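Listing of my_file25.cif, mmCIF, C-alpha atoms
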```cif
data_upload
loop_
_atom_site.label_atom_id
_atom_site.label_comp_id
_atom_site.auth_asym_id
_atom_site.auth_seq_id
_atom_site.Cartn_x
_atom_site.Cartn_y
_atom_site.Cartn_z
CA MET A 1 0.00 0.00 0.00
CA ALA A 2 1.37 3.38 -1.02
CA GLN A 3 0.83 6.84 0.48
CA ILE A 4 -0.33 8.99 -2.42
CA LEU A 5 -0.93 12.73 -2.46
CA VAL A 6 -3.13 13.96 -5.32
CA ALA A 7 -3.05 17.68 -6.12
CA THR A 8 -5.17 19.50 -8.69
CA THR A 9 -5.86 23.05 -9.78
CA PRO A 10 -9.34 23.99 -8.44
CA GLY A 11 -11.08 23.95 -11.83
CA GLU A 12 -13.70 21.57 -13.19
CA GLY A 13 -11.60 20.23 -16.05
CA HIS A 14 -8.60 19.63 -13.78
CA VAL A 15 -10.57 17.88 -11.03
CA ASN A 16 -12.83 15.87 -13.35
CA GLY A 17 -9.84 14.49 -15.22
CA MET A 18 -8.42 13.08 -12.00
CA VAL A 19 -11.58 11.58 -10.48
CA GLU A 20 -11.39 8.11 -12.01
CA VAL A 21 -7.64 7.79 -11.42
CA ALA A 22 -8.10 8.70 -7.75
CA ARG A 23 -11.03 6.29 -7.46
CA ALA A 24 -8.96 3.49 -9.02
CA LEU A 25 -6.05 4.20 -6.66
CA VAL A 26 -8.35 3.97 -3.64
CA HIS A 27 -9.92 0.78 -5.02
CA ALA A 28 -6.43 -0.70 -5.38
CA GLY A 29 -5.92 -0.25 -1.61
CA HIS A 30 -3.74 2.86 -1.49
CA GLN A 31 -4.06 5.70 1.02
CA VAL A 32 -5.01 8.72 -1.07
CA ARG A 33 -5.17 12.35 0.05
CA TRP A 34 -6.38 14.98 -2.41
CA TYR A 35 -5.47 18.68 -2.25
CA THR A 36 -7.77 21.01 -4.20
CA GLY A 37 -10.48 23.67 -3.83
CA ARG A 38 -13.30 23.40 -1.30
CA ALA A 39 -16.01 23.39 -3.97
CA PHE A 40 -14.79 19.94 -4.99
CA ARG A 41 -14.79 18.32 -1.55
CA PRO A 42 -17.91 16.20 -2.26
CA LYS A 43 -16.44 15.00 -5.55
CA VAL A 44 -13.12 14.15 -3.87
CA GLU A 45 -14.72 12.26 -1.00
CA ALA A 46 -16.95 10.33 -3.40
CA THR A 47 -13.79 8.68 -4.77
CA GLY A 48 -12.82 7.48 -1.28
CA ALA A 49 -9.88 9.89 -1.05
CA VAL A 50 -9.31 12.10 2.01
CA TYR A 51 -9.97 15.73 1.15
CA VAL A 52 -7.23 18.25 2.01
CA PRO A 53 -8.21 21.94 1.64
CA MET A 54 -6.24 24.74 0.06
CA ARG A 55 -5.08 27.12 2.75
CA GLU A 56 -2.63 29.61 1.26
CA GLY A 57 -3.22 28.50 -2.32
CA HIS A 58 -5.68 30.57 -4.38
CA ASP A 59 -8.97 28.67 -4.20
CA TRP A 60 -11.18 29.87 -7.06
CA GLY A 61 -13.11 26.62 -7.30
CA GLY A 62 -16.78 26.90 -8.18
CA LYS A 63 -16.26 30.01 -10.33
CA THR A 64 -15.91 30.40 -14.04
CA ARG A 65 -12.63 31.71 -15.37
CA GLU A 66 -14.17 35.13 -16.05
CA GLU A 67 -15.58 35.30 -12.50
CA ALA A 68 -12.27 34.34 -10.91
CA PHE A 69 -10.10 36.40 -13.29
CA PRO A 70 -12.28 39.21 -14.68
CA HIS A 71 -9.39 40.72 -16.65
CA HIS A 72 -9.31 37.55 -18.79
CA ALA A 73 -12.75 38.26 -20.26
CA GLY A 74 -12.60 38.55 -24.02
CA LEU A 75 -9.10 37.11 -24.39
CA THR A 76 -8.68 34.49 -27.11
CA GLY A 77 -5.96 32.36 -28.70
CA LEU A 78 -2.35 32.86 -27.62
CA LYS A 79 -3.19 35.82 -25.37
CA SER A 80 -5.77 33.73 -23.53
CA MET A 81 -3.36 30.83 -23.12
CA THR A 82 -0.49 32.96 -21.83
CA ALA A 83 -2.79 34.83 -19.42
CA ALA A 84 -4.05 31.49 -18.10
CA PHE A 85 -0.54 30.19 -17.50
CA ARG A 86 0.57 33.43 -15.85
CA ASP A 87 -2.41 34.07 -13.55
CA ILE A 88 -4.01 30.66 -12.98
CA PHE A 89 -0.92 28.45 -12.88
CA TYR A 90 2.26 30.52 -12.27
CA ARG A 91 1.30 33.13 -9.71
CA PRO A 92 -0.46 30.78 -7.24
CA ALA A 93 2.39 28.23 -7.36
CA HIS A 94 4.43 29.59 -4.45
CA ALA A 95 1.47 29.48 -2.06
CA GLN A 96 0.47 26.04 -3.32
CA MET A 97 4.00 24.84 -2.64
CA ARG A 98 3.82 26.05 0.95
CA ASP A 99 0.52 24.23 1.44
CA ILE A 100 1.87 20.99 0.01
CA LEU A 101 5.14 21.14 1.94
CA ALA A 102 3.07 21.46 5.13
CA ILE A 103 0.98 18.45 4.09
CA LEU A 104 4.14 16.41 3.48
CA ASP A 105 5.46 17.46 6.89
CA GLU A 106 2.33 16.02 8.48
CA SER A 107 2.49 12.79 6.49
CA PRO A 108 5.07 11.95 3.79
CA ALA A 109 3.97 10.65 0.40
CA ASP A 110 5.49 7.90 -1.73
CA VAL A 111 4.39 9.72 -4.86
CA ILE A 112 2.58 12.94 -5.78
CA VAL A 113 -0.04 12.60 -8.52
CA THR A 114 -1.05 15.87 -10.15
CA GLY A 115 -2.39 17.57 -13.20
CA GLU A 116 0.44 19.02 -15.24
CA THR A 117 -0.31 22.66 -14.39
CA ILE A 118 -0.47 22.78 -10.59
CA PHE A 119 3.11 23.93 -10.46
CA GLY A 120 3.22 24.30 -6.67
CA ALA A 121 3.02 20.52 -6.41
CA ASN A 122 5.95 20.22 -8.79
CA PHE A 123 7.95 22.71 -6.71
CA ALA A 124 7.21 20.72 -3.54
CA ALA A 125 8.23 17.47 -5.23
CA GLU A 126 11.46 19.10 -6.40
CA ARG A 127 12.22 20.45 -2.95
CA ARG A 128 11.52 17.14 -1.15
CA ARG A 129 12.66 14.81 -3.94
CA VAL A 130 9.34 12.98 -4.04
CA PRO A 131 8.49 11.20 -7.32
CA ILE A 132 5.77 12.95 -9.27
CA ALA A 133 3.31 11.65 -11.86
CA TRP A 134 1.27 13.86 -14.15
CA VAL A 135 -2.25 12.87 -15.17
CA ALA A 136 -2.55 15.07 -18.24
CA THR A 137 -5.54 17.36 -18.60
CA SER A 138 -4.57 18.47 -22.09
CA ILE A 139 -2.07 18.09 -24.92
CA TYR A 140 1.58 17.07 -24.59
CA ILE A 141 3.29 20.29 -23.49
CA PHE A 142 7.00 19.63 -23.98
CA GLY A 143 8.91 20.81 -26.98
CA SER A 144 10.45 18.74 -29.73
CA ARG A 145 12.71 19.22 -32.69
CA ASP A 146 9.73 18.08 -34.75
CA THR A 147 7.23 20.70 -33.53
CA ALA A 148 6.86 24.45 -33.35
CA PRO A 149 6.58 26.11 -29.91
CA LEU A 150 3.39 25.41 -28.01
CA GLY A 151 0.77 28.07 -28.53
CA LEU A 152 1.21 28.76 -32.24
CA GLY A 153 -1.23 26.06 -33.37
CA LEU A 154 1.13 24.77 -36.08
CA HIS A 155 1.24 21.16 -37.23
CA PRO A 156 4.47 19.19 -36.71
CA ASP A 157 7.09 19.03 -39.42
CA PRO A 158 10.00 16.57 -38.96
CA THR A 159 11.60 17.32 -42.34
CA PRO A 160 14.94 19.18 -42.42
CA LEU A 161 13.17 22.36 -43.54
CA GLY A 162 10.48 21.88 -40.90
CA ARG A 163 13.03 21.39 -38.13
CA LEU A 164 14.71 24.60 -39.26
CA ARG A 165 11.34 26.35 -38.97
CA ASN A 166 10.91 24.94 -35.49
CA ARG A 167 14.36 26.07 -34.33
CA VAL A 168 13.84 29.58 -35.67
CA LEU A 169 10.45 29.90 -33.99
CA LYS A 170 11.79 28.61 -30.67
CA ARG A 171 14.68 31.03 -30.78
CA ALA A 172 12.29 33.86 -31.58
CA SER A 173 10.01 32.92 -28.68
CA ARG A 174 12.95 33.29 -26.31
CA THR A 175 14.33 36.55 -27.63
CA LEU A 176 11.59 38.62 -29.28
CA SER A 177 9.09 40.67 -27.31
CA GLY A 178 5.55 39.36 -27.01
CA PRO A 179 3.38 37.01 -24.90
CA LEU A 180 5.73 34.02 -25.02
CA ARG A 181 8.75 36.00 -23.89
CA GLU A 182 6.74 37.61 -21.09
CA LEU A 183 5.55 34.18 -20.01
CA ARG A 184 9.11 32.89 -19.93
CA ARG A 185 10.11 35.75 -17.64
CA ALA A 186 7.10 35.12 -15.40
CA ALA A 187 8.16 31.49 -15.01
CA ASP A 188 11.67 32.52 -13.97
CA VAL A 189 10.24 34.90 -11.37
CA THR A 190 7.88 32.22 -10.06
CA ARG A 191 10.70 29.73 -9.57
CA SER A 192 12.84 32.37 -7.87
CA ARG A 193 10.05 33.11 -5.36
CA ALA A 194 9.94 29.40 -4.56
CA GLY A 195 13.69 29.34 -3.91
CA LEU A 196 14.43 27.26 -6.99
CA ALA A 197 17.07 27.79 -9.65
CA PRO A 198 15.96 28.82 -13.16
CA ILE A 199 15.54 26.28 -15.94
CA GLY A 200 17.14 27.52 -19.14
CA LYS A 201 14.47 26.57 -21.61
CA GLY A 202 11.75 28.27 -23.61
CA PRO A 203 8.21 29.24 -22.58
CA PHE A 204 6.09 26.50 -20.95
CA GLU A 205 9.24 24.44 -20.30
CA ASN A 206 11.20 26.69 -17.93
CA ILE A 207 8.71 26.50 -15.06
CA VAL A 208 9.16 22.88 -13.87
CA HIS A 209 11.29 19.88 -14.73
CA PRO A 210 9.60 17.00 -16.58
CA PRO A 211 7.70 14.60 -14.32
CA ASP A 212 8.91 11.13 -13.48
CA LEU A 213 5.77 9.77 -15.16
CA TYR A 214 3.62 11.51 -17.78
CA LEU A 215 0.22 9.87 -18.33
CA MET A 216 -1.59 11.05 -21.45
CA GLY A 217 -5.37 10.57 -21.42
CA THR A 218 -5.50 9.88 -25.13
CA VAL A 219 -4.01 7.59 -27.80
CA PRO A 220 -0.90 8.07 -29.95
CA SER A 221 -2.91 8.80 -33.10
CA PHE A 222 -4.39 11.93 -31.54
CA GLU A 223 -1.07 13.47 -30.47
CA TYR A 224 1.61 14.78 -32.80
CA PRO A 225 4.31 12.17 -33.53
CA ARG A 226 7.73 13.12 -32.20
CA THR A 227 11.05 11.33 -32.53
CA ASP A 228 12.20 12.76 -29.18
CA MET A 229 9.14 12.36 -26.94
CA LEU A 230 10.02 11.93 -23.26
CA PRO A 231 10.49 8.20 -22.57
CA GLN A 232 8.42 8.42 -19.38
CA THR A 233 5.35 9.35 -21.47
CA HIS A 234 2.58 6.74 -21.61
CA PHE A 235 -0.64 6.88 -23.61
CA VAL A 236 -3.26 5.22 -21.42
CA GLY A 237 -6.53 6.27 -23.06
CA PRO A 238 -9.27 8.53 -21.61
CA PHE A 239 -9.72 8.75 -17.87
CA VAL A 240 -13.36 7.70 -17.84
CA GLY A 241 -15.27 5.63 -15.34
CA PRO A 242 -18.20 3.22 -15.46
CA PRO A 243 -21.49 4.29 -17.04
CA PRO A 244 -23.64 6.54 -14.81
CA GLN A 245 -26.55 4.94 -13.02
CA GLY A 246 -30.10 6.22 -12.78
CA PHE A 247 -30.12 8.56 -15.78
CA GLU A 248 -33.65 9.31 -16.90
CA HIS A 249 -34.00 9.89 -20.62
CA PRO A 250 -35.65 13.21 -21.48
CA SER A 251 -38.98 13.18 -23.33
CA TRP A 252 -37.35 13.86 -26.72
CA TRP A 253 -34.89 10.94 -26.51
CA GLU A 254 -36.55 8.73 -29.11
CA GLU A 255 -36.30 11.53 -31.69
CA MET A 256 -32.64 10.54 -32.10
CA ARG A 257 -33.81 7.31 -33.74
CA GLU A 258 -35.93 9.01 -36.40
CA GLY A 259 -33.21 9.20 -39.04
CA ARG A 260 -32.06 12.82 -38.94
CA PRO A 261 -28.35 13.37 -38.19
CA VAL A 262 -27.79 14.27 -34.54
CA VAL A 263 -25.48 17.18 -33.75
CA HIS A 264 -24.35 17.61 -30.16
CA VAL A 265 -23.30 21.12 -29.12
CA THR A 266 -21.42 21.60 -25.86
CA GLN A 267 -19.51 24.53 -24.46
CA GLY A 268 -18.04 22.77 -21.44
CA THR A 269 -18.87 22.46 -17.78
CA VAL A 270 -18.33 26.05 -16.63
CA ALA A 271 -19.38 28.00 -19.73
CA ASN A 272 -21.12 31.29 -19.05
CA ASP A 273 -20.78 33.13 -22.35
CA ALA A 274 -23.53 31.82 -24.59
CA ASP A 275 -22.49 34.16 -27.38
CA ARG A 276 -19.15 32.38 -27.72
CA LEU A 277 -20.50 29.07 -29.02
CA LEU A 278 -24.03 28.11 -27.99
CA ALA A 279 -25.89 31.01 -29.59
CA PRO A 280 -23.98 30.95 -32.91
CA ALA A 281 -24.31 27.17 -33.10
CA ILE A 282 -28.05 27.20 -32.49
CA GLU A 283 -28.45 29.94 -35.11
CA ALA A 284 -26.25 28.06 -37.57
CA LEU A 285 -28.01 24.73 -37.21
CA ALA A 286 -31.59 26.01 -37.05
CA GLY A 287 -32.06 25.75 -40.80
CA MET A 288 -30.44 22.34 -41.23
CA ASP A 289 -32.23 19.00 -41.34
CA VAL A 290 -30.57 17.82 -38.13
CA LEU A 291 -31.57 17.27 -34.51
CA VAL A 292 -29.50 19.51 -32.25
CA VAL A 293 -28.83 18.39 -28.67
CA ALA A 294 -27.23 21.31 -26.85
CA THR A 295 -25.94 21.15 -23.29
CA THR A 296 -25.25 24.29 -21.30
CA GLY A 297 -23.21 23.11 -18.29
CA VAL A 298 -25.19 25.64 -16.22
CA PRO A 299 -28.93 25.92 -15.60
CA PRO A 300 -30.48 26.56 -19.04
CA GLU A 301 -32.78 29.20 -17.58
CA SER A 302 -29.72 31.26 -16.63
CA ILE A 303 -28.79 31.69 -20.31
CA ASP A 304 -30.77 33.92 -22.64
CA LEU A 305 -30.87 32.12 -25.98
CA GLY A 306 -34.23 33.49 -27.06
CA PRO A 307 -36.88 31.23 -28.63
CA LEU A 308 -35.34 27.89 -29.52
CA PRO A 309 -35.64 26.62 -33.11
CA ALA A 310 -37.87 23.59 -33.59
CA ASN A 311 -34.93 21.24 -34.12
CA VAL A 312 -33.07 22.15 -30.89
CA ARG A 313 -33.27 20.25 -27.59
CA LEU A 314 -31.60 22.07 -24.68
CA GLU A 315 -30.41 20.38 -21.48
CA ARG A 316 -28.02 21.29 -18.70
CA PHE A 317 -26.29 17.91 -18.85
CA VAL A 318 -26.64 14.58 -20.63
CA PRO A 319 -24.13 11.79 -19.85
CA HIS A 320 -21.86 11.32 -22.85
CA PHE A 321 -21.97 7.56 -22.34
CA GLU A 322 -25.71 7.71 -23.08
CA LEU A 323 -25.69 10.42 -25.75
CA LEU A 324 -22.63 9.91 -27.94
CA PRO A 325 -23.66 6.55 -29.48
CA HIS A 326 -26.47 8.49 -31.19
CA VAL A 327 -24.38 11.51 -32.29
CA ASP A 328 -23.12 12.10 -35.84
CA VAL A 329 -20.96 15.14 -35.10
CA MET A 330 -20.06 17.00 -31.92
CA VAL A 331 -19.54 20.77 -31.87
CA THR A 332 -17.39 21.90 -28.95
CA ASN A 333 -15.03 24.62 -27.78
CA GLY A 334 -12.24 22.06 -27.63
CA GLY A 335 -12.11 20.88 -24.02
CA TYR A 336 -9.57 18.06 -24.01
CA GLY A 337 -11.57 15.58 -21.97
CA GLY A 338 -14.72 16.02 -24.03
CA VAL A 339 -12.83 15.73 -27.32
CA ASN A 340 -11.20 12.47 -26.28
CA THR A 341 -14.49 11.11 -24.98
CA ALA A 342 -16.16 11.88 -28.32
CA LEU A 343 -13.38 10.18 -30.25
CA SER A 344 -13.51 7.14 -27.99
CA HIS A 345 -17.11 6.79 -29.24
CA GLY A 346 -16.09 7.34 -32.86
CA VAL A 347 -17.77 10.76 -33.13
CA PRO A 348 -16.13 13.31 -35.48
CA LEU A 349 -15.81 16.91 -34.35
CA VAL A 350 -16.13 20.58 -35.19
CA ILE A 351 -13.96 22.63 -32.81
CA ALA A 352 -14.63 26.33 -32.23
CA PRO A 353 -11.69 27.27 -29.97
CA ALA A 354 -11.31 30.57 -28.20
CA THR A 355 -9.60 30.35 -24.81
CA GLU A 356 -6.63 28.63 -23.17
CA GLU A 357 -4.90 26.01 -25.32
CA LYS A 358 -8.03 24.91 -27.15
CA HIS A 359 -6.72 26.10 -30.52
CA GLU A 360 -3.93 23.53 -30.07
CA VAL A 361 -6.57 20.84 -29.47
CA ALA A 362 -8.36 21.99 -32.63
CA ALA A 363 -5.10 21.72 -34.57
CA ARG A 364 -4.74 18.11 -33.48
CA VAL A 365 -8.33 17.32 -34.48
CA ALA A 366 -7.55 18.58 -37.98
CA TYR A 367 -4.17 16.81 -38.10
CA ALA A 368 -5.74 13.48 -37.10
CA GLY A 369 -8.41 13.88 -39.77
CA VAL A 370 -11.26 13.47 -37.27
CA GLY A 371 -12.89 16.85 -37.77
CA ILE A 372 -12.53 20.53 -38.52
CA GLY A 373 -10.93 23.22 -36.37
CA LEU A 374 -12.37 26.69 -36.94
CA PRO A 375 -10.34 29.91 -36.76
CA ARG A 376 -9.94 31.50 -33.34
CA ARG A 377 -11.63 34.75 -34.30
CA ARG A 378 -15.27 35.42 -33.44
CA LEU A 379 -17.40 32.49 -34.54
CA SER A 380 -19.91 33.09 -37.33
CA ALA A 381 -23.05 31.06 -37.91
CA HIS A 382 -22.19 30.70 -41.60
CA ARG A 383 -18.74 29.26 -40.92
CA LEU A 384 -20.05 26.83 -38.32
CA ARG A 385 -22.93 25.67 -40.54
CA GLN A 386 -20.50 25.06 -43.37
CA ALA A 387 -18.14 23.06 -41.12
CA VAL A 388 -20.91 20.85 -39.72
CA GLY A 389 -22.24 20.23 -43.21
CA THR A 390 -18.79 19.29 -44.46
CA VAL A 391 -18.19 16.80 -41.63
CA LEU A 392 -21.62 15.21 -42.14
CA ALA A 393 -21.10 14.92 -45.91
CA THR A 394 -17.51 13.64 -45.84
CA PRO A 395 -17.23 9.95 -44.87
CA SER A 396 -13.49 10.16 -44.14
CA TYR A 397 -14.10 12.11 -40.91
CA ARG A 398 -16.38 9.40 -39.53
CA ALA A 399 -13.99 6.69 -40.74
CA ARG A 400 -10.97 8.28 -39.03
CA ALA A 401 -12.95 8.82 -35.82
CA ALA A 402 -14.01 5.16 -35.91
CA ALA A 403 -10.38 4.10 -36.35
CA LEU A 404 -9.38 6.14 -33.31
CA SER A 405 -12.29 4.66 -31.37
CA ARG A 406 -10.87 1.19 -31.97
CA GLU A 407 -7.48 2.43 -30.80
CA TYR A 408 -9.01 3.88 -27.62
CA GLY A 409 -10.62 0.52 -26.98
CA LYS A 410 -7.18 -1.07 -26.63
CA HIS A 411 -6.23 1.19 -23.70
CA ALA A 412 -7.24 0.62 -20.08
CA GLY A 413 -7.37 4.26 -18.92
CA PRO A 414 -7.45 4.55 -15.11
CA ARG A 415 -6.46 0.91 -14.58
CA ARG A 416 -3.27 1.32 -16.59
CA ALA A 417 -2.58 4.65 -14.89
CA VAL A 418 -2.71 2.94 -11.50
CA GLU A 419 -0.27 0.23 -12.60
CA LEU A 420 2.26 2.85 -13.70
CA ILE A 421 1.80 4.99 -10.58
CA GLU A 422 2.28 1.92 -8.39
CA ARG A 423 5.51 1.14 -10.21
CA LEU A 424 6.74 4.72 -9.63
CA ALA A 425 5.73 4.67 -5.96
CA GLY A 426 7.67 1.44 -5.48
CA GLN A 427 10.81 2.90 -7.03
CA GLY A 428 10.81 6.08 -4.94
CA ARG A 429 13.52 8.65 -5.38
CA GLY A 430 15.00 9.35 -1.96
CA PRO A 431 17.85 11.70 -1.08
CA GLU A 432 20.76 12.29 -3.39
#
```

Could you show the structure in this file as structure tokens?
Amino acid sequence: MAQILVATTPGEGHVNGMVEVARALVHAGHQVRWYTGRAFRPKVEATGAVYVPMREGHDWGGKTREEAFPHHAGLTGLKSMTAAFRDIFYRPAHAQMRDILAILDESPADVIVTGETIFGANFAAERRRVPIAWVATSIYIFGSRDTAPLGLGLHPDPTPLGRLRNRVLKRASRTLSGPLRELRRAADVTRSRAGLAPIGKGPFENIVHPPDLYLMGTVPSFEYPRTDMLPQTHFVGPFVGPPPQGFEHPSWWEEMREGRPVVHVTQGTVANDADRLLAPAIEALAGMDVLVVATTGVPPESIDLGPLPANVRLERFVPHFELLPHVDVMVTNGGYGGVNTALSHGVPLVIAPATEEKHEVAARVAYAGVGIGLPRRRLSAHRLRQAVGTVLATPSYRARAAALSREYGKHAGPRRAVELIERLAGQGRGPE
């Protein structure tokens, strides 16, 4: 039995991505403590883990990004991603580290299991030389000679000319003014506050050292191929649990069997800006011969969408396990967990990215041939209608999504993650 400390950023996507791994660790007989925001205490305790509250760490759990960080409102693309890293992940890291060091003083851990962006946990692991495993909440974040710097949304290119492009762009990101250079400086300052030496690498890589174990919640075909990927990286498949129990089908459920294509529109679990995706999607799809199942993530009555078109069914939440077998295309803002869940069911995608790293997720959807990624600028109904129509009319998207679904089926997800974490906990690291 191992002593395991789980630590996650207090956001829905970060906590939800860890739930099934924590549950599987508890089921395997390990002692699991979980450090995160108070809003997630019920979810943590439902896994069987012991909840540990944030004390000094910034606890913004239960709020949307715009509520917790009002100055982020309206940011998109690279600016949104760099602001997220700076304010959500970098600046709170020192206080998180102090919290976690205090937790380790009370009871040591054999391994720390975290999302990849709660950098205070990484600092604590570095200070105490505790092995650390990342349960990825998004794309592979480390650089490669085969890829451009993270944040530019460019496809990989391993050719000699492509590697030259990549080197030039990486050099520019370190030396030229702009968001990436500012982010690199912010990382150096953050490490200095934590009493740690700088890491001489580019943006997104100079904040923490690579983990001892990097668990990707996807399959190789969805991530860019690299000839120099970290050897401790493992593709384990999506971190999903058993089917939900007790779901009552809404009154319109049987309409999905009537022959019209079904389009699922989702803006994520904490969406509060209906104009960003929901409203344009409903407008775009109103005139199409499709059944639209839109989920809001918040109470539908709290969102003003006006009179709904006849072909739209609006719900706060529908379990993907129940819904996706009926769906022909999913329209989403590019949340990593939702995208991988859709692909595990063989559902092709239309991605309308705006914030954080979602444009990078959209780029991978296009690269894998499983859907269309739309430009990051303001979404138009015309562009979205055209993209959905193209995916529905082009068999290759469904065929590629089905191929990835078969690949997902060969991966054990949380069970494989537990095996690898147990192996790491048994190895330990110890003092130098």

- Item | Residue IDs satisfying the PyMOL selection byres ((chain A and resi 211) around 9), as a PyMOL selection string | chain A and resi 116+122+131-134+208-210+212-214+232

- Residue members of the PyMOL selection byres ((chain A and resi 261) around 9) in the file shown, as a ChimeraX atom specification: /A:256,258-260,262-263,289-292,326-329,392

- Item | Who sits within 9 Å of segment 142-144 of chain A, all atoms listed in the file, same chain under 4 positions skipped, as a VMD selection string | chain A and resid 148 to 150 166 202 204 to 205 210 226 to 230

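With distances restricted to only C-alpha atoms, A:Pro280 is the closest residue to Leu384 of chain A from A:Gly200, A:Gly306, A:Pro280, A:Pro353.
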
- Query: Applied to the shown file, which residues does the PyMOL selection byres ((chain A and resi 358-367) around 9) return, written as a count of residues only?
  - Reply: 38

- Message: So the first atom is atom CA of Thr9 of chain A and the second is atom CA of Pro53 of chain A; what is the distance between them in Å, to one decimal place?
- Response: 11.7 Å

Close residues, Arg55 of chain A itself excluded, 9 Å, only C-alpha atoms, min 2 positions apart in chain, as an mmCIF file with C-alpha atoms, in the coordinates of the input:
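Final output, around_16.cif:
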```cif
data_model
loop_
_atom_site.group_PDB
_atom_site.id
_atom_site.type_symbol
_atom_site.label_atom_id
_atom_site.label_comp_id
_atom_site.auth_asym_id
_atom_site.auth_seq_id
_atom_site.Cartn_x
_atom_site.Cartn_y
_atom_site.Cartn_z
ATOM 1 C CA PRO A 53 -8.210 21.940 1.640
ATOM 2 C CA GLY A 57 -3.220 28.500 -2.320
ATOM 3 C CA HIS A 58 -5.680 30.570 -4.380
ATOM 4 C CA ASP A 59 -8.970 28.670 -4.200
ATOM 5 C CA ALA A 95 1.470 29.480 -2.060
ATOM 6 C CA GLN A 96 0.470 26.040 -3.320
ATOM 7 C CA ASP A 99 0.520 24.230 1.440
#
```

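With all atoms listed in the file as the atoms that count, the residue of A:Val130, A:Ala417, A:Phe40, A:Val168 with the shortest distance to Thr233 of chain A is A:Ala417.
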
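Across the structure, atom CA of Ala46 of chain A and atom CA of Leu101 of chain A are spaced 25.2 Å apart.
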
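Distances to His72 of chain A were evaluated for A:Tyr35, A:Phe85, A:Phe317, A:Phe235 using all atoms listed in the file, and the minimum falls at A:Phe85.
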
- Can you list, as a PyMOL selection string, every protein, DNA or RNA residue that comes within 7 Å of Thr341 of chain A when you count all atoms listed in the file, leaving out same-chain residues fewer than 4 positions away? chain A and resi 238+337+345

- So which one's closest to Thr64 of chain A, A:Leu180, A:Val298, A:Ala93, A:Val15? Using only C-alpha atoms, please. A:Val298

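Nearest residue to His14 of chain A among A:Ala28, A:Ala399, A:Ile88, A:Ala2 is A:Ile88, counting all atoms listed in the file.
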
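As for atom CA of Pro300 of chain A and atom CA of Thr390 of chain A, they are spaced 28.9 Å apart.
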